[in-house]
$ cat structure_17.pdb   # PDB, C-alpha atoms
ATOM      1  CA  MET A 241      31.884 -10.234 -18.167  1.00  0.00           C
ATOM      2  CA  LEU A 242      30.896  -6.574 -18.021  1.00  0.00           C
ATOM      3  CA  GLU A 243      32.810  -3.906 -19.945  1.00  0.00           C
ATOM      4  CA  SER A 244      35.310  -1.880 -17.932  1.00  0.00           C
ATOM      5  CA  CYS A 245      34.329   1.438 -19.535  1.00  0.00           C
ATOM      6  CA  TYR A 246      32.489   3.176 -22.365  1.00  0.00           C
ATOM      7  CA  HIS A 247      34.862   6.094 -22.920  1.00  0.00           C
ATOM      8  CA  GLN A 248      38.306   4.612 -23.492  1.00  0.00           C
ATOM      9  CA  GLY A 249      41.161   6.524 -21.918  1.00  0.00           C
ATOM     10  CA  LYS A 250      38.963   8.826 -19.823  1.00  0.00           C
ATOM     11  CA  VAL A 251      38.208   9.062 -16.119  1.00  0.00           C
ATOM     12  CA  GLU A 252      34.653   7.757 -16.243  1.00  0.00           C
ATOM     13  CA  ALA A 253      31.955   7.754 -13.568  1.00  0.00           C
ATOM     14  CA  GLY A 254      29.081   5.273 -13.665  1.00  0.00           C
ATOM     15  CA  CYS A 255      25.735   6.258 -12.111  1.00  0.00           C
ATOM     16  CA  ASP A 256      22.579   4.434 -11.099  1.00  0.00           C
ATOM     17  CA  GLU A 257      19.655   4.919  -8.706  1.00  0.00           C
ATOM     18  CA  ALA A 258      17.536   2.780  -6.382  1.00  0.00           C
ATOM     19  CA  GLY A 259      14.031   3.227  -5.040  1.00  0.00           C
ATOM     20  CA  ARG A 260      12.414   5.003  -7.951  1.00  0.00           C
ATOM     21  CA  GLY A 261       9.266   2.862  -7.916  1.00  0.00           C
ATOM     22  CA  CYS A 262       8.727   2.900  -4.157  1.00  0.00           C
ATOM     23  CA  LEU A 263       5.766   4.374  -2.306  1.00  0.00           C
ATOM     24  CA  ALA A 264       7.894   5.399   0.660  1.00  0.00           C
ATOM     25  CA  GLY A 265      11.395   6.541   1.450  1.00  0.00           C
ATOM     26  CA  SER A 266      14.069   8.607  -0.247  1.00  0.00           C
ATOM     27  CA  VAL A 267      15.497   7.776  -3.652  1.00  0.00           C
ATOM     28  CA  TYR A 268      19.203   6.929  -3.534  1.00  0.00           C
ATOM     29  CA  ALA A 269      21.820   7.130  -6.276  1.00  0.00           C
ATOM     30  CA  ALA A 270      25.507   6.341  -6.471  1.00  0.00           C
ATOM     31  CA  ALA A 271      28.461   7.322  -8.633  1.00  0.00           C
ATOM     32  CA  VAL A 272      31.570   5.145  -8.989  1.00  0.00           C
ATOM     33  CA  ILE A 273      34.920   5.689 -10.706  1.00  0.00           C
ATOM     34  CA  PHE A 274      37.150   2.626 -11.128  1.00  0.00           C
ATOM     35  CA  PRO A 275      40.832   2.584 -12.119  1.00  0.00           C
ATOM     36  CA  ALA A 276      41.559   2.302 -15.839  1.00  0.00           C
ATOM     37  CA  GLY A 277      41.192  -1.278 -17.084  1.00  0.00           C
ATOM     38  CA  TYR A 278      39.537  -2.447 -13.858  1.00  0.00           C
ATOM     39  CA  GLN A 279      38.002  -5.930 -13.988  1.00  0.00           C
ATOM     40  CA  ASN A 280      35.822  -7.846 -11.556  1.00  0.00           C
ATOM     41  CA  GLU A 281      33.907 -10.904 -12.738  1.00  0.00           C
ATOM     42  CA  GLU A 282      31.676 -10.836  -9.651  1.00  0.00           C
ATOM     43  CA  LEU A 283      30.065  -7.479 -10.378  1.00  0.00           C
ATOM     44  CA  ASN A 284      26.612  -7.482 -11.950  1.00  0.00           C
ATOM     45  CA  ASP A 285      23.311  -5.617 -11.890  1.00  0.00           C
ATOM     46  CA  SER A 286      22.292  -5.457  -8.210  1.00  0.00           C
ATOM     47  CA  LYS A 287      18.893  -7.017  -9.018  1.00  0.00           C
ATOM     48  CA  GLN A 288      20.690 -10.201 -10.104  1.00  0.00           C
ATOM     49  CA  LEU A 289      22.484 -10.610  -6.758  1.00  0.00           C
ATOM     50  CA  THR A 290      21.459 -11.791  -3.310  1.00  0.00           C
ATOM     51  CA  ASP A 291      21.374  -9.329  -0.438  1.00  0.00           C
ATOM     52  CA  LYS A 292      24.359 -11.041   1.173  1.00  0.00           C
ATOM     53  CA  ARG A 293      26.385 -10.862  -2.040  1.00  0.00           C
ATOM     54  CA  ARG A 294      25.518  -7.193  -2.574  1.00  0.00           C
ATOM     55  CA  LYS A 295      26.812  -6.365   0.906  1.00  0.00           C
ATOM     56  CA  GLN A 296      30.040  -8.269   0.228  1.00  0.00           C
ATOM     57  CA  LEU A 297      30.529  -6.526  -3.104  1.00  0.00           C
ATOM     58  CA  ARG A 298      29.879  -3.123  -1.539  1.00  0.00           C
ATOM     59  CA  GLU A 299      33.038  -3.535   0.530  1.00  0.00           C
ATOM     60  CA  ILE A 300      35.024  -4.549  -2.571  1.00  0.00           C
ATOM     61  CA  ILE A 301      33.679  -1.617  -4.605  1.00  0.00           C
ATOM     62  CA  GLU A 302      34.515   0.891  -1.883  1.00  0.00           C
ATOM     63  CA  ARG A 303      37.997  -0.585  -1.555  1.00  0.00           C
ATOM     64  CA  ASP A 304      38.798  -0.724  -5.279  1.00  0.00           C
ATOM     65  CA  ALA A 305      37.164   2.461  -6.584  1.00  0.00           C
ATOM     66  CA  ILE A 306      39.216   5.602  -7.178  1.00  0.00           C
ATOM     67  CA  ALA A 307      36.169   7.492  -5.951  1.00  0.00           C
ATOM     68  CA  TRP A 308      32.584   6.698  -4.984  1.00  0.00           C
ATOM     69  CA  ALA A 309      29.676   8.546  -3.410  1.00  0.00           C
ATOM     70  CA  VAL A 310      25.958   8.250  -2.643  1.00  0.00           C
ATOM     71  CA  GLY A 311      23.337  10.952  -3.215  1.00  0.00           C
ATOM     72  CA  ILE A 312      19.874  11.153  -1.607  1.00  0.00           C
ATOM     73  CA  VAL A 313      16.627  12.967  -2.452  1.00  0.00           C
ATOM     74  CA  THR A 314      13.911  12.968   0.216  1.00  0.00           C
ATOM     75  CA  PRO A 315      10.219  12.073  -0.148  1.00  0.00           C
ATOM     76  CA  GLU A 316       9.328  15.767   0.315  1.00  0.00           C
ATOM     77  CA  GLU A 317      11.606  16.717  -2.569  1.00  0.00           C
ATOM     78  CA  ILE A 318      10.234  13.882  -4.712  1.00  0.00           C
ATOM     79  CA  ASP A 319       6.702  15.212  -4.217  1.00  0.00           C
ATOM     80  CA  LYS A 320       7.824  18.701  -5.281  1.00  0.00           C
ATOM     81  CA  ILE A 321       9.847  17.865  -8.400  1.00  0.00           C
ATOM     82  CA  ASN A 322       8.567  14.353  -9.416  1.00  0.00           C
ATOM     83  CA  ILE A 323      10.445  11.072  -9.274  1.00  0.00           C
ATOM     84  CA  LEU A 324      12.251  11.386 -12.619  1.00  0.00           C
ATOM     85  CA  ASN A 325      13.765  14.738 -11.680  1.00  0.00           C
ATOM     86  CA  ALA A 326      14.469  13.421  -8.180  1.00  0.00           C
ATOM     87  CA  SER A 327      16.333  10.390  -9.547  1.00  0.00           C
ATOM     88  CA  ILE A 328      18.520  12.609 -11.721  1.00  0.00           C
ATOM     89  CA  LEU A 329      19.071  15.035  -8.829  1.00  0.00           C
ATOM     90  CA  ALA A 330      20.180  12.136  -6.609  1.00  0.00           C
ATOM     91  CA  MET A 331      22.764  11.165  -9.262  1.00  0.00           C
ATOM     92  CA  HIS A 332      23.965  14.774  -9.484  1.00  0.00           C
ATOM     93  CA  ARG A 333      24.309  14.863  -5.691  1.00  0.00           C
ATOM     94  CA  ALA A 334      26.362  11.671  -5.768  1.00  0.00           C
ATOM     95  CA  LEU A 335      28.590  13.122  -8.494  1.00  0.00           C
ATOM     96  CA  ASP A 336      28.983  16.330  -6.448  1.00  0.00           C
ATOM     97  CA  GLN A 337      30.582  14.343  -3.637  1.00  0.00           C
ATOM     98  CA  LEU A 338      33.205  12.543  -5.726  1.00  0.00           C
ATOM     99  CA  LYS A 339      36.767  13.348  -4.697  1.00  0.00           C
ATOM    100  CA  VAL A 340      37.877  12.998  -8.331  1.00  0.00           C
ATOM    101  CA  CYS A 341      36.383  14.977 -11.212  1.00  0.00           C
ATOM    102  CA  PRO A 342      35.167  12.614 -13.953  1.00  0.00           C
ATOM    103  CA  GLU A 343      35.914  13.362 -17.601  1.00  0.00           C
ATOM    104  CA  ALA A 344      32.849  11.415 -18.743  1.00  0.00           C
ATOM    105  CA  ILE A 345      29.678   9.984 -17.189  1.00  0.00           C
ATOM    106  CA  ILE A 346      27.676   6.878 -18.065  1.00  0.00           C
ATOM    107  CA  VAL A 347      24.176   6.518 -16.659  1.00  0.00           C
ATOM    108  CA  ASP A 348      21.798   3.582 -16.386  1.00  0.00           C
ATOM    109  CA  GLY A 349      18.531   4.244 -18.224  1.00  0.00           C
ATOM    110  CA  ASN A 350      17.569   6.749 -20.904  1.00  0.00           C
ATOM    111  CA  ARG A 351      17.226  10.097 -19.087  1.00  0.00           C
ATOM    112  CA  PHE A 352      19.781  12.442 -17.568  1.00  0.00           C
ATOM    113  CA  LYS A 353      20.476  16.177 -17.387  1.00  0.00           C
ATOM    114  CA  PRO A 354      23.746  17.953 -18.142  1.00  0.00           C
ATOM    115  CA  TYR A 355      26.038  17.928 -15.138  1.00  0.00           C
ATOM    116  CA  THR A 356      28.895  20.241 -14.176  1.00  0.00           C
ATOM    117  CA  SER A 357      31.248  19.140 -11.401  1.00  0.00           C
ATOM    118  CA  PRO A 358      32.219  21.549  -8.602  1.00  0.00           C
ATOM    119  CA  LEU A 359      35.769  20.255  -9.208  1.00  0.00           C
ATOM    120  CA  SER A 360      35.735  21.169 -12.907  1.00  0.00           C
ATOM    121  CA  THR A 361      38.148  23.923 -13.940  1.00  0.00           C
ATOM    122  CA  ASN A 362      36.180  25.163 -16.962  1.00  0.00           C
ATOM    123  CA  GLN A 363      32.658  24.756 -15.496  1.00  0.00           C
ATOM    124  CA  SER A 364      31.265  23.258 -18.704  1.00  0.00           C
ATOM    125  CA  PRO A 365      29.020  20.162 -18.577  1.00  0.00           C
ATOM    126  CA  ILE A 366      30.781  16.810 -18.464  1.00  0.00           C
ATOM    127  CA  PRO A 367      29.966  14.592 -21.488  1.00  0.00           C
ATOM    128  CA  HIS A 368      27.431  11.916 -20.575  1.00  0.00           C
ATOM    129  CA  VAL A 369      25.838   8.877 -22.195  1.00  0.00           C
ATOM    130  CA  THR A 370      22.651   7.116 -21.071  1.00  0.00           C
ATOM    131  CA  ILE A 371      22.632   3.332 -21.478  1.00  0.00           C
ATOM    132  CA  VAL A 372      19.487   1.238 -21.177  1.00  0.00           C
ATOM    133  CA  LYS A 373      20.189  -1.740 -18.897  1.00  0.00           C
ATOM    134  CA  GLY A 374      23.631  -0.270 -18.351  1.00  0.00           C
ATOM    135  CA  ASP A 375      23.864  -1.937 -14.940  1.00  0.00           C
ATOM    136  CA  GLY A 376      24.185  -5.237 -16.795  1.00  0.00           C
ATOM    137  CA  LYS A 377      26.760  -3.922 -19.289  1.00  0.00           C
ATOM    138  CA  TYR A 378      29.325  -1.705 -17.545  1.00  0.00           C
ATOM    139  CA  LEU A 379      31.219  -2.301 -14.322  1.00  0.00           C
ATOM    140  CA  SER A 380      30.952   1.204 -12.883  1.00  0.00           C
ATOM    141  CA  ILE A 381      27.170   1.338 -13.425  1.00  0.00           C
ATOM    142  CA  ALA A 382      26.767  -2.121 -11.879  1.00  0.00           C
ATOM    143  CA  ALA A 383      28.844  -0.962  -8.915  1.00  0.00           C
ATOM    144  CA  ALA A 384      26.718   2.184  -8.589  1.00  0.00           C
ATOM    145  CA  SER A 385      23.560   0.067  -8.622  1.00  0.00           C
ATOM    146  CA  ILE A 386      24.939  -2.069  -5.782  1.00  0.00           C
ATOM    147  CA  LEU A 387      25.906   0.934  -3.645  1.00  0.00           C
ATOM    148  CA  ALA A 388      22.592   2.711  -4.227  1.00  0.00           C
ATOM    149  CA  LYS A 389      20.604  -0.443  -3.484  1.00  0.00           C
ATOM    150  CA  THR A 390      22.481  -1.483  -0.333  1.00  0.00           C
ATOM    151  CA  TYR A 391      22.590   1.980   1.231  1.00  0.00           C
ATOM    152  CA  ARG A 392      18.905   2.484   0.518  1.00  0.00           C
ATOM    153  CA  ASP A 393      18.061  -0.948   1.952  1.00  0.00           C
ATOM    154  CA  ASP A 394      19.932  -0.061   5.146  1.00  0.00           C
ATOM    155  CA  TYR A 395      17.935   3.176   5.352  1.00  0.00           C
ATOM    156  CA  MET A 396      14.597   1.383   4.850  1.00  0.00           C
ATOM    157  CA  ASP A 397      15.566  -1.169   7.514  1.00  0.00           C
ATOM    158  CA  ARG A 398      16.030   1.733   9.953  1.00  0.00           C
ATOM    159  CA  LEU A 399      12.647   3.190   9.015  1.00  0.00           C
ATOM    160  CA  ALA A 400      11.071  -0.254   9.463  1.00  0.00           C
ATOM    161  CA  GLN A 401      11.991  -0.157  13.145  1.00  0.00           C
ATOM    162  CA  GLU A 402      10.068   3.111  13.476  1.00  0.00           C
ATOM    163  CA  TYR A 403       7.040   1.888  11.483  1.00  0.00           C
ATOM    164  CA  PRO A 404       7.023  -1.944  11.624  1.00  0.00           C
ATOM    165  CA  GLN A 405       3.431  -2.302  10.389  1.00  0.00           C
ATOM    166  CA  TYR A 406       4.387  -1.459   6.777  1.00  0.00           C
ATOM    167  CA  ASP A 407       6.816  -4.395   6.376  1.00  0.00           C
ATOM    168  CA  TRP A 408       9.514  -2.109   4.985  1.00  0.00           C
ATOM    169  CA  GLU A 409      12.219  -4.489   6.144  1.00  0.00           C
ATOM    170  CA  SER A 410      10.962  -6.891   3.467  1.00  0.00           C
ATOM    171  CA  ASN A 411       9.467  -4.666   0.768  1.00  0.00           C
ATOM    172  CA  LYS A 412      11.858  -1.680   1.142  1.00  0.00           C
ATOM    173  CA  GLY A 413       8.967   0.670   0.407  1.00  0.00           C
ATOM    174  CA  TYR A 414       7.842  -0.944  -2.844  1.00  0.00           C
ATOM    175  CA  PRO A 415       4.079  -1.355  -3.487  1.00  0.00           C
ATOM    176  CA  THR A 416       3.536  -4.902  -2.257  1.00  0.00           C
ATOM    177  CA  LYS A 417       0.125  -6.180  -1.222  1.00  0.00           C
ATOM    178  CA  LYS A 418       1.104  -6.103   2.469  1.00  0.00           C
ATOM    179  CA  HIS A 419       2.421  -2.552   2.186  1.00  0.00           C
ATOM    180  CA  ARG A 420      -0.779  -1.320   0.558  1.00  0.00           C
ATOM    181  CA  GLU A 421      -2.948  -3.144   3.087  1.00  0.00           C
ATOM    182  CA  ALA A 422      -1.052  -1.386   5.891  1.00  0.00           C
ATOM    183  CA  ILE A 423      -1.584   1.985   4.189  1.00  0.00           C
ATOM    184  CA  ARG A 424      -5.299   1.225   3.939  1.00  0.00           C
ATOM    185  CA  GLN A 425      -5.433   0.281   7.631  1.00  0.00           C
ATOM    186  CA  TYR A 426      -3.045   2.821   9.204  1.00  0.00           C
ATOM    187  CA  GLY A 427      -2.817   5.639   6.649  1.00  0.00           C
ATOM    188  CA  ILE A 428       0.484   7.133   5.560  1.00  0.00           C
ATOM    189  CA  THR A 429       3.657   8.166   7.373  1.00  0.00           C
ATOM    190  CA  PRO A 430       5.914  11.214   6.946  1.00  0.00           C
ATOM    191  CA  TYR A 431       8.109   8.966   4.768  1.00  0.00           C
ATOM    192  CA  HIS A 432       5.437   8.188   2.177  1.00  0.00           C
ATOM    193  CA  ARG A 433       5.502   9.966  -1.179  1.00  0.00           C
ATOM    194  CA  LYS A 434       2.235  11.862  -1.177  1.00  0.00           C
ATOM    195  CA  THR A 435       2.033  12.259  -4.953  1.00  0.00           C
ATOM    196  CA  PHE A 436       2.183   8.493  -5.533  1.00  0.00           C
ATOM    197  CA  ASN A 437      -0.791   6.184  -6.048  1.00  0.00           C
ATOM    198  CA  MET A 438      -0.750   4.549  -2.628  1.00  0.00           C
ATOM    199  CA  LEU A 439      -3.447   1.904  -3.069  1.00  0.00           C
ATOM    200  CA  GLY A 440      -3.063   1.197  -6.771  1.00  0.00           C
ATOM    201  CA  ASP A 441      -6.560   2.494  -7.469  1.00  0.00           C
ATOM    202  CA  GLY A 442      -5.670   5.818  -9.018  1.00  0.00           C
ATOM    203  CA  GLN A 443      -6.318   7.786  -5.831  1.00  0.00           C
ATOM    204  CA  LEU A 444      -3.551   9.902  -4.336  1.00  0.00           C
ATOM    205  CA  SER A 445      -2.530   9.610  -0.709  1.00  0.00           C
ATOM    206  CA  PHE A 446      -3.845  13.021   0.318  1.00  0.00           C
ATOM    207  CA  ASP A 447      -7.344  11.511   0.106  1.00  0.00           C
ATOM    208  CA  PHE A 448      -6.633   9.631   3.360  1.00  0.00           C
TER
END
$ encode --input "structure_17.pdb" --output "structure tokens"
Amino acid sequence: MLESCYHQGKVEAGCDEAGRGCLAGSVYAAAVIFPAGYQNEELNDSKQLTDKRRKQLREIIERDAIAWAVGIVTPEEIDKINILNASILAMHRALDQLKVCPEAIIVDGNRFKPYTSPLSTNQSPIPHVTIVKGDGKYLSIAAASILAKTYRDDYMDRLAQEYPQYDWESNKGYPTKKHREAIRQYGITPYHRKTFNMLGDGQLSFDF
């Protein structure tokens, strides 16, 4: 069973992102605050769950959380600031939308930047901790991974209707063989990240 929190006795937000390694589409992140002592044996890292189960758990997370939100950074922004900065910015944008100001933040991975909430009274950064594989250790990070993943999947499914040749409904923008073959045949779309290695050969997409 995952731990309910890292900072005992504090209002704690868990954060995670989805879509960092994709060739196309926005990067999504989510922030989730659960009630103190919250437990749910069904929650786990989104990568360990089926699509159907993730969708079911999304409803439970949104029902049970004190506060939750999703942040988005576009492909254009990713190309300007790089994917690491974009992933952190997406988490900050999710945190910005929370209706409750967290007293502490836990983040999946090993990189984050100091964050100050618009709801904070003293405008000093909120204490944060980065946790490698945190989505498999803490409930709020696992919940954030599920929200980020499911909302991004829904977004990629919508884009797939606009550009069916790239198989985004299946690959969600990740660099699969079929995705790269479509890029080679059709070129790139406005949703592709132009600073990424589209064909896996070291060449950037602006060579098309």
$ residues_around --input "structure_17.pdb" --residues "Glu409 (chain A)" --least-positions-apart "6" --cutoff "9 Å" --atoms "only C-alpha atoms" --output "number ranges by chain"
A: 393-394, 396-401
$ write_last_selection --input "structure_17.pdb" --atoms "C-alpha atoms" --output "short mmCIF file (atom, residue, chain, number, x, y, z; two decimals), keeping the file's coordinate frame"
data_model
loop_
_atom_site.label_atom_id
_atom_site.label_comp_id
_atom_site.auth_asym_id
_atom_site.auth_seq_id
_atom_site.Cartn_x
_atom_site.Cartn_y
_atom_site.Cartn_z
CA ASP A 393 18.06 -0.95 1.95
CA ASP A 394 19.93 -0.06 5.15
CA MET A 396 14.60 1.38 4.85
CA ASP A 397 15.57 -1.17 7.51
CA ARG A 398 16.03 1.73 9.95
CA LEU A 399 12.65 3.19 9.02
CA ALA A 400 11.07 -0.25 9.46
CA GLN A 401 11.99 -0.16 13.14
#
$ resolve_selection --input "structure_17.pdb" --expression "the PyMOL selection byres ((chain A and resi 313-326) around 8)" --output "ChimeraX atom specification"
/A:260,264-268,311-312,327-330,431-435
$ closest_residue --input "structure_17.pdb" --among "A:Asn350, A:Gln363, A:Gln288, A:Ser385" --to "Ala309 (chain A)" --atoms "only C-alpha atoms"
A:Ser385
$ residues_around --input "structure_17.pdb" --residues "Gln248 (chain A)" --least-positions-apart "2" --cutoff "10 Å" --atoms "only C-alpha atoms" --output "list in words"
Ser244, Cys245, Tyr246, Lys250, Val251, Glu252, Ala276, Gly277 and Ala344 of chain A
$ resolve_selection --input "structure_17.pdb" --expression "the PyMOL selection byres ((chain A and resi 369) around 9)" --output "list in words"
Tyr246, Ala344, Ile345, Ile346, Val347, Asp348, Asn350, Phe352, Pro367, His368, Thr370 and Ile371 of chain A
$ closest_residue --input "structure_17.pdb" --among "A:Leu283, A:Pro430, A:Arg424, A:Gly349" --to "Lys373 (chain A)" --atoms "all atoms listed in the file"
A:Gly349
$ resolve_selection --input "structure_17.pdb" --expression "the PyMOL selection byres ((chain A and resi 281) around 10)" --output "JSON, numbers by chain"
{"A": [241, 242, 279, 280, 282, 283, 284, 379]}
$ write_last_selection --input "structure_17.pdb" --atoms "C-alpha atoms" --output "PDB file, keeping the file's coordinate frame"
ATOM      1  CA  MET A 241      31.884 -10.234 -18.167  1.00  0.00           C
ATOM      2  CA  LEU A 242      30.896  -6.574 -18.021  1.00  0.00           C
ATOM      3  CA  GLN A 279      38.002  -5.930 -13.988  1.00  0.00           C
ATOM      4  CA  ASN A 280      35.822  -7.846 -11.556  1.00  0.00           C
ATOM      5  CA  GLU A 282      31.676 -10.836  -9.651  1.00  0.00           C
ATOM      6  CA  LEU A 283      30.065  -7.479 -10.378  1.00  0.00           C
ATOM      7  CA  ASN A 284      26.612  -7.482 -11.950  1.00  0.00           C
ATOM      8  CA  LEU A 379      31.219  -2.301 -14.322  1.00  0.00           C
TER       9      LEU A 379
END
$ atom_distance --input "structure_17.pdb" --atom1 "CA of Pro404 (chain A)" --atom2 "CA of Gly259 (chain A)"
18.8 Å
$ axis_aligned_box --input "structure_17.pdb" --around "region 291-306 of chain A" --padding-each-side "3 Å" --output "lines of an AutoDock Vina configuration file"
center_x = 30.3
center_y = -2.7
center_z = -3.0
size_x = 23.8
size_y = 22.6
size_z = 14.4
$ atom_distance --input "structure_17.pdb" --atom1 "CA of Phe436 (chain A)" --atom2 "CA of Cys255 (chain A)"
24.6 Å
$ residues_near_point --input "structure_17.pdb" --point "(0.0, -1.8, 10.4)" --cutoff "7 Å" --atoms "all atoms listed in the file" --output "list in words"
Gln405, Tyr406, Ala422, Gln425 and Tyr426 of chain A
$ atom_distance --input "structure_17.pdb" --atom1 "CA of Gly249 (chain A)" --atom2 "CA of Gly376 (chain A)"
21.3 Å
$ decode --input "structure_17.pdb" --residues "region 378-395 of chain A" --atoms "N, CA, C and O atoms" --output "CSV table (one decimal), in the first residue's frame"
chain,number,residue,atom,x,y,z
A,378,TYR,N,3.8,7.2,-3.0
A,378,TYR,CA,2.9,8.1,-2.3
A,378,TYR,C,1.6,8.3,-3.0
A,378,TYR,O,1.6,8.5,-4.2
A,379,LEU,N,0.5,8.3,-2.3
A,379,LEU,CA,-0.9,8.3,-2.9
A,379,LEU,C,-1.1,9.6,-3.7
A,379,LEU,O,-1.7,9.5,-4.8
A,380,SER,N,-0.7,10.7,-3.2
A,380,SER,CA,-1.1,12.0,-4.0
A,380,SER,C,-0.3,12.0,-5.3
A,380,SER,O,-0.8,12.6,-6.3
A,381,ILE,N,1.0,11.5,-5.3
A,381,ILE,CA,1.7,11.5,-6.5
A,381,ILE,C,1.2,10.5,-7.5
A,381,ILE,O,1.0,10.8,-8.7
A,382,ALA,N,0.8,9.4,-7.0
A,382,ALA,CA,0.1,8.4,-7.9
A,382,ALA,C,-1.2,8.9,-8.5
A,382,ALA,O,-1.4,8.7,-9.7
A,383,ALA,N,-1.9,9.6,-7.6
A,383,ALA,CA,-3.2,10.2,-8.1
A,383,ALA,C,-2.9,11.3,-9.2
A,383,ALA,O,-3.6,11.4,-10.2
A,384,ALA,N,-1.8,12.1,-9.0
A,384,ALA,CA,-1.4,13.1,-9.9
A,384,ALA,C,-1.0,12.5,-11.2
A,384,ALA,O,-1.3,13.0,-12.3
A,385,SER,N,-0.3,11.3,-11.2
A,385,SER,CA,0.1,10.6,-12.4
A,385,SER,C,-1.1,10.1,-13.2
A,385,SER,O,-1.1,10.2,-14.4
A,386,ILE,N,-2.1,9.7,-12.5
A,386,ILE,CA,-3.3,9.2,-13.1
A,386,ILE,C,-4.1,10.3,-13.8
A,386,ILE,O,-4.5,10.2,-15.0
A,387,LEU,N,-4.2,11.5,-13.1
A,387,LEU,CA,-4.9,12.6,-13.7
A,387,LEU,C,-4.1,13.1,-14.9
A,387,LEU,O,-4.7,13.4,-16.0
A,388,ALA,N,-2.8,13.3,-14.8
A,388,ALA,CA,-2.0,13.8,-15.9
A,388,ALA,C,-2.1,12.9,-17.1
A,388,ALA,O,-2.3,13.4,-18.2
A,389,LYS,N,-2.0,11.6,-16.9
A,389,LYS,CA,-2.0,10.6,-17.9
A,389,LYS,C,-3.4,10.6,-18.6
A,389,LYS,O,-3.4,10.6,-19.9
A,390,THR,N,-4.4,10.5,-17.9
A,390,THR,CA,-5.8,10.4,-18.5
A,390,THR,C,-6.2,11.6,-19.2
A,390,THR,O,-6.8,11.5,-20.3
A,391,TYR,N,-5.9,12.8,-18.7
A,391,TYR,CA,-6.3,14.0,-19.4
A,391,TYR,C,-5.4,14.2,-20.6
A,391,TYR,O,-5.9,14.7,-21.6
A,392,ARG,N,-4.2,13.8,-20.6
A,392,ARG,CA,-3.4,14.0,-21.8
A,392,ARG,C,-3.8,12.9,-22.8
A,392,ARG,O,-3.8,13.2,-24.0
A,393,ASP,N,-4.1,11.7,-22.4
A,393,ASP,CA,-4.6,10.7,-23.4
A,393,ASP,C,-5.9,11.2,-24.1
A,393,ASP,O,-6.0,11.0,-25.3
A,394,ASP,N,-6.8,11.8,-23.3
A,394,ASP,CA,-8.0,12.3,-23.9
A,394,ASP,C,-7.7,13.4,-25.0
A,394,ASP,O,-8.3,13.5,-26.1
A,395,TYR,N,-6.7,14.3,-24.7
A,395,TYR,CA,-6.2,15.3,-25.6
A,395,TYR,C,-5.6,14.7,-26.8
A,395,TYR,O,-5.9,15.1,-28.0
